[in-house]
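Okay, start04.cif now, which holds mmCIF, C-alpha atoms:
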```
data_final
loop_
_atom_site.group_PDB
_atom_site.id
_atom_site.type_symbol
_atom_site.label_atom_id
_atom_site.label_comp_id
_atom_site.auth_asym_id
_atom_site.auth_seq_id
_atom_site.Cartn_x
_atom_site.Cartn_y
_atom_site.Cartn_z
ATOM 1 C CA MET A 1 8.583 10.284 11.625
ATOM 2 C CA GLN A 2 5.042 9.990 12.935
ATOM 3 C CA GLN A 3 3.208 6.763 12.058
ATOM 4 C CA ILE A 4 -0.546 6.410 12.394
ATOM 5 C CA PRO A 5 -2.071 2.890 12.481
ATOM 6 C CA VAL A 6 -4.990 2.456 10.054
ATOM 7 C CA ASP A 7 -7.954 0.339 11.184
ATOM 8 C CA THR A 8 -9.171 -1.923 8.358
ATOM 9 C CA VAL A 9 -11.734 -3.831 10.460
ATOM 10 C CA GLY A 10 -15.090 -3.654 8.707
ATOM 11 C CA ALA A 11 -13.578 -2.259 5.501
ATOM 12 C CA THR A 12 -13.820 -3.802 2.061
ATOM 13 C CA LEU A 13 -10.406 -3.828 0.404
ATOM 14 C CA MET A 14 -9.675 -4.806 -3.187
ATOM 15 C CA VAL A 15 -6.934 -4.309 -5.738
ATOM 16 C CA ALA A 16 -7.494 -1.283 -7.983
ATOM 17 C CA GLN A 17 -4.081 -1.583 -9.725
ATOM 18 C CA PRO A 18 -1.746 -4.599 -9.395
ATOM 19 C CA PRO A 19 1.664 -4.312 -7.722
ATOM 20 C CA GLN A 20 4.362 -2.366 -9.561
ATOM 21 C CA PRO A 21 7.989 -1.681 -8.624
ATOM 22 C CA LYS A 22 8.464 1.483 -6.574
ATOM 23 C CA TYR A 23 11.214 3.776 -7.857
ATOM 24 C CA ALA A 24 13.364 6.140 -5.833
ATOM 25 C CA ASN A 25 14.188 7.877 -9.129
ATOM 26 C CA GLN A 26 11.847 7.470 -12.125
ATOM 27 C CA LYS A 27 14.374 8.877 -14.608
ATOM 28 C CA THR A 28 17.188 6.467 -13.723
ATOM 29 C CA GLN A 29 14.799 3.597 -12.831
ATOM 30 C CA GLU A 30 16.555 3.275 -9.449
ATOM 31 C CA ARG A 31 14.393 0.989 -7.297
ATOM 32 C CA ALA A 32 13.214 2.166 -3.890
ATOM 33 C CA ALA A 33 14.267 -0.035 -0.990
ATOM 34 C CA ASP A 34 13.326 -0.318 2.666
ATOM 35 C CA ARG A 35 15.826 1.725 4.688
ATOM 36 C CA GLN A 36 16.131 -0.909 7.422
ATOM 37 C CA THR A 37 16.118 -4.191 5.484
ATOM 38 C CA GLY A 38 17.248 -3.137 2.005
ATOM 39 C CA GLU A 39 14.341 -5.076 0.470
ATOM 40 C CA PHE A 40 12.911 -3.630 -2.758
ATOM 41 C CA LEU A 41 9.483 -2.005 -2.415
ATOM 42 C CA MET A 42 6.374 -2.415 -4.533
ATOM 43 C CA THR A 43 3.297 -0.190 -4.739
ATOM 44 C CA LEU A 44 -0.285 -1.138 -5.437
ATOM 45 C CA ASP A 45 -3.516 0.810 -5.506
ATOM 46 C CA VAL A 46 -6.200 -0.513 -3.182
ATOM 47 C CA LEU A 47 -9.872 0.453 -3.147
ATOM 48 C CA PHE A 48 -10.687 1.081 0.514
ATOM 49 C CA VAL A 49 -14.449 1.110 1.241
ATOM 50 C CA LYS A 50 -15.721 1.769 4.761
ATOM 51 C CA ASP A 51 -18.870 3.362 6.180
ATOM 52 C CA GLY A 52 -20.182 4.187 2.696
ATOM 53 C CA ASN A 53 -17.011 6.043 1.672
ATOM 54 C CA ALA A 54 -14.656 4.761 -1.033
ATOM 55 C CA GLU A 55 -11.094 5.880 -1.669
ATOM 56 C CA VAL A 56 -8.234 4.517 -3.761
ATOM 57 C CA VAL A 57 -4.982 4.580 -1.809
ATOM 58 C CA LYS A 58 -1.468 3.770 -3.020
ATOM 59 C CA ILE A 59 0.248 1.395 -0.607
ATOM 60 C CA ALA A 60 3.945 0.535 -0.419
ATOM 61 C CA VAL A 61 4.942 -2.955 0.686
ATOM 62 C CA GLY A 62 8.079 -5.088 0.634
ATOM 63 C CA GLU A 63 8.421 -7.268 -2.461
ATOM 64 C CA SER A 64 8.423 -10.522 -0.447
ATOM 65 C CA ALA A 65 5.368 -9.469 1.606
ATOM 66 C CA ILE A 66 2.937 -9.853 -1.303
ATOM 67 C CA SER A 67 1.130 -13.175 -1.424
ATOM 68 C CA GLY A 68 -1.418 -14.564 -3.833
ATOM 69 C CA GLU A 69 -2.548 -13.439 -7.263
ATOM 70 C CA LEU A 70 -3.229 -9.695 -7.005
ATOM 71 C CA THR A 71 -5.192 -8.747 -10.103
ATOM 72 C CA ILE A 72 -7.729 -5.927 -10.433
ATOM 73 C CA GLY A 73 -10.744 -6.624 -8.217
ATOM 74 C CA THR A 74 -9.032 -9.195 -5.976
ATOM 75 C CA PRO A 75 -10.118 -8.808 -2.327
ATOM 76 C CA VAL A 76 -7.076 -8.319 -0.099
ATOM 77 C CA GLY A 77 -6.078 -8.269 3.528
ATOM 78 C CA LEU A 78 -3.605 -5.635 4.723
ATOM 79 C CA THR A 79 -1.395 -6.436 7.684
ATOM 80 C CA GLY A 80 0.105 -3.603 9.722
ATOM 81 C CA LEU A 81 -1.217 -0.732 7.588
ATOM 82 C CA ILE A 82 0.097 2.659 8.676
ATOM 83 C CA ALA A 83 -0.232 6.211 7.378
ATOM 84 C CA ARG A 84 2.662 8.694 7.434
ATOM 85 C CA PRO A 85 2.200 12.415 6.842
ATOM 86 C CA TRP A 86 4.960 13.948 4.698
ATOM 87 C CA GLU A 87 6.041 17.347 3.441
ATOM 88 C CA ASN A 88 8.810 18.480 1.096
ATOM 89 C CA GLU A 89 9.858 21.457 -0.964
ATOM 90 C CA PHE A 90 10.798 21.177 -4.636
ATOM 91 C CA ASN A 91 11.621 24.135 -6.881
ATOM 92 C CA GLY A 92 10.320 26.528 -4.246
ATOM 93 C CA GLN A 93 6.942 24.809 -3.968
ATOM 94 C CA LYS A 94 5.864 23.062 -0.789
ATOM 95 C CA ARG A 95 4.050 19.767 -1.178
ATOM 96 C CA HIS A 96 2.467 17.545 1.431
ATOM 97 C CA GLY A 97 0.374 14.428 1.709
ATOM 98 C CA ILE A 98 -0.032 11.055 3.356
ATOM 99 C CA SER A 99 1.816 7.897 2.357
ATOM 100 C CA PHE A 100 0.635 4.399 3.241
ATOM 101 C CA ARG A 101 2.760 1.370 4.065
ATOM 102 C CA ALA A 102 1.737 -2.200 4.911
ATOM 103 C CA VAL A 103 3.742 -5.021 6.439
ATOM 104 C CA ALA A 104 1.985 -7.501 4.107
ATOM 105 C CA VAL A 105 -0.704 -7.712 1.418
ATOM 106 C CA THR A 106 -2.533 -11.022 1.035
ATOM 107 C CA ALA A 107 -5.083 -12.075 -1.579
ATOM 108 C CA GLN A 108 -8.348 -13.205 0.036
ATOM 109 C CA SER A 109 -10.547 -15.894 -1.469
ATOM 110 C CA VAL A 110 -14.057 -14.882 -2.455
ATOM 111 C CA GLY A 111 -16.918 -17.055 -1.285
ATOM 112 C CA ALA A 112 -14.639 -19.723 0.161
ATOM 113 C CA PRO A 113 -16.666 -22.532 1.690
ATOM 114 C CA LYS A 114 -16.793 -22.435 5.457
ATOM 115 C CA THR A 115 -15.817 -25.519 7.406
ATOM 116 C CA VAL A 116 -18.706 -26.963 9.369
ATOM 117 C CA LYS A 117 -18.047 -29.419 12.186
ATOM 118 C CA ALA A 118 -20.291 -32.462 12.389
ATOM 119 C CA ALA A 119 -22.340 -32.694 15.585
#
```

Show me the file's structure as structure tokens.
Amino acid sequence: MQQIPVDTVGATLMVAQPPQPKYANQKTQERAADRQTGEFLMTLDVLFVKDGNAEVVKIAVGESAISGELTIGTPVGLTGLIARPWENEFNGQKRHGISFRAVAVTAQSVGAPKTVKAA
């Protein structure tokens, strides 16, 4: 499957919806897991603002790769963000889109004091 790296340098990223469990099957509440590691996946909506354009994207990430308090409006850092185009057919209708996956999501502190070295 094709993977496209997403450049987040210069972008403002913040939580639009906090992390929720990702389900492979909503009806049975079967949790989605990473195919390689077996780790359960979470999804969160992130507001991605760059070059005057804003978009909310749903990002999947491993449960253990979420760090910090991720509430609405929290600035975040995304490590290893990739986009994957997908296509499927259900009930005779073709659907397609782009899914996003990150290696890690980390809460960023706002206005943290910068360390200044004495001369």

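Proximity ranking of A:Leu70, A:Leu41, A:Leu47, A:Leu78 relative to A:Ala102 places A:Leu78 first, based on all atoms listed in the file.
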
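The smallest atom-to-atom distance between A:Met14 and any of A:Ala54, A:Ala65, A:Val49, A:Val76, using all atoms listed in the file, is found for A:Val76.
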
Exercise. Residues picked by the PyMOL selection byres ((chain A and resi 42) around 9) here, as a list in words?
Worked result: Pro19, Gln20, Pro21, Lys22, Tyr23, Ala32, Ala33, Phe40, Leu41, Thr43, Leu44, Ile59, Ala60, Val61, Gly62, Glu63 and Ile66 of chain A

For this session: Could you state which residues are captured by the PyMOL selection byres ((chain A and resi 106) around 7) in this file, as a PyMOL selection string?
Result: chain A and resi 66-68+76-78+104-105+107-108

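Of note, atom CA of A:Arg31 and atom CA of A:Lys94 are spaced 24.5 Å apart.
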
Explicit residues for the PyMOL selection byres ((chain A and resi 3-8) around 6) (as a compact mmCIF listing (two decimals) with C-alpha atoms, keeping the file's coordinate frame):
```txt
# COMPACT_ATOMS: atom_id res chain seq x y z
CA GLN A 2 5.04 9.99 12.94
CA VAL A 9 -11.73 -3.83 10.46
CA ALA A 11 -13.58 -2.26 5.50
CA LEU A 81 -1.22 -0.73 7.59
CA ILE A 82 0.10 2.66 8.68
CA ALA A 83 -0.23 6.21 7.38
CA ARG A 84 2.66 8.69 7.43
```

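When atom CA of A:Pro75 is paired with atom CA of A:Leu13, their separation reads 5.7 Å.
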
For this session: Would you mind listing what lies within 8 Å of A:Val56 as a PyMOL selection string, with only C-alpha atoms counted and same-chain residues fewer than 2 positions away left out?
Result: chain A and resi 16+45-48+54+58
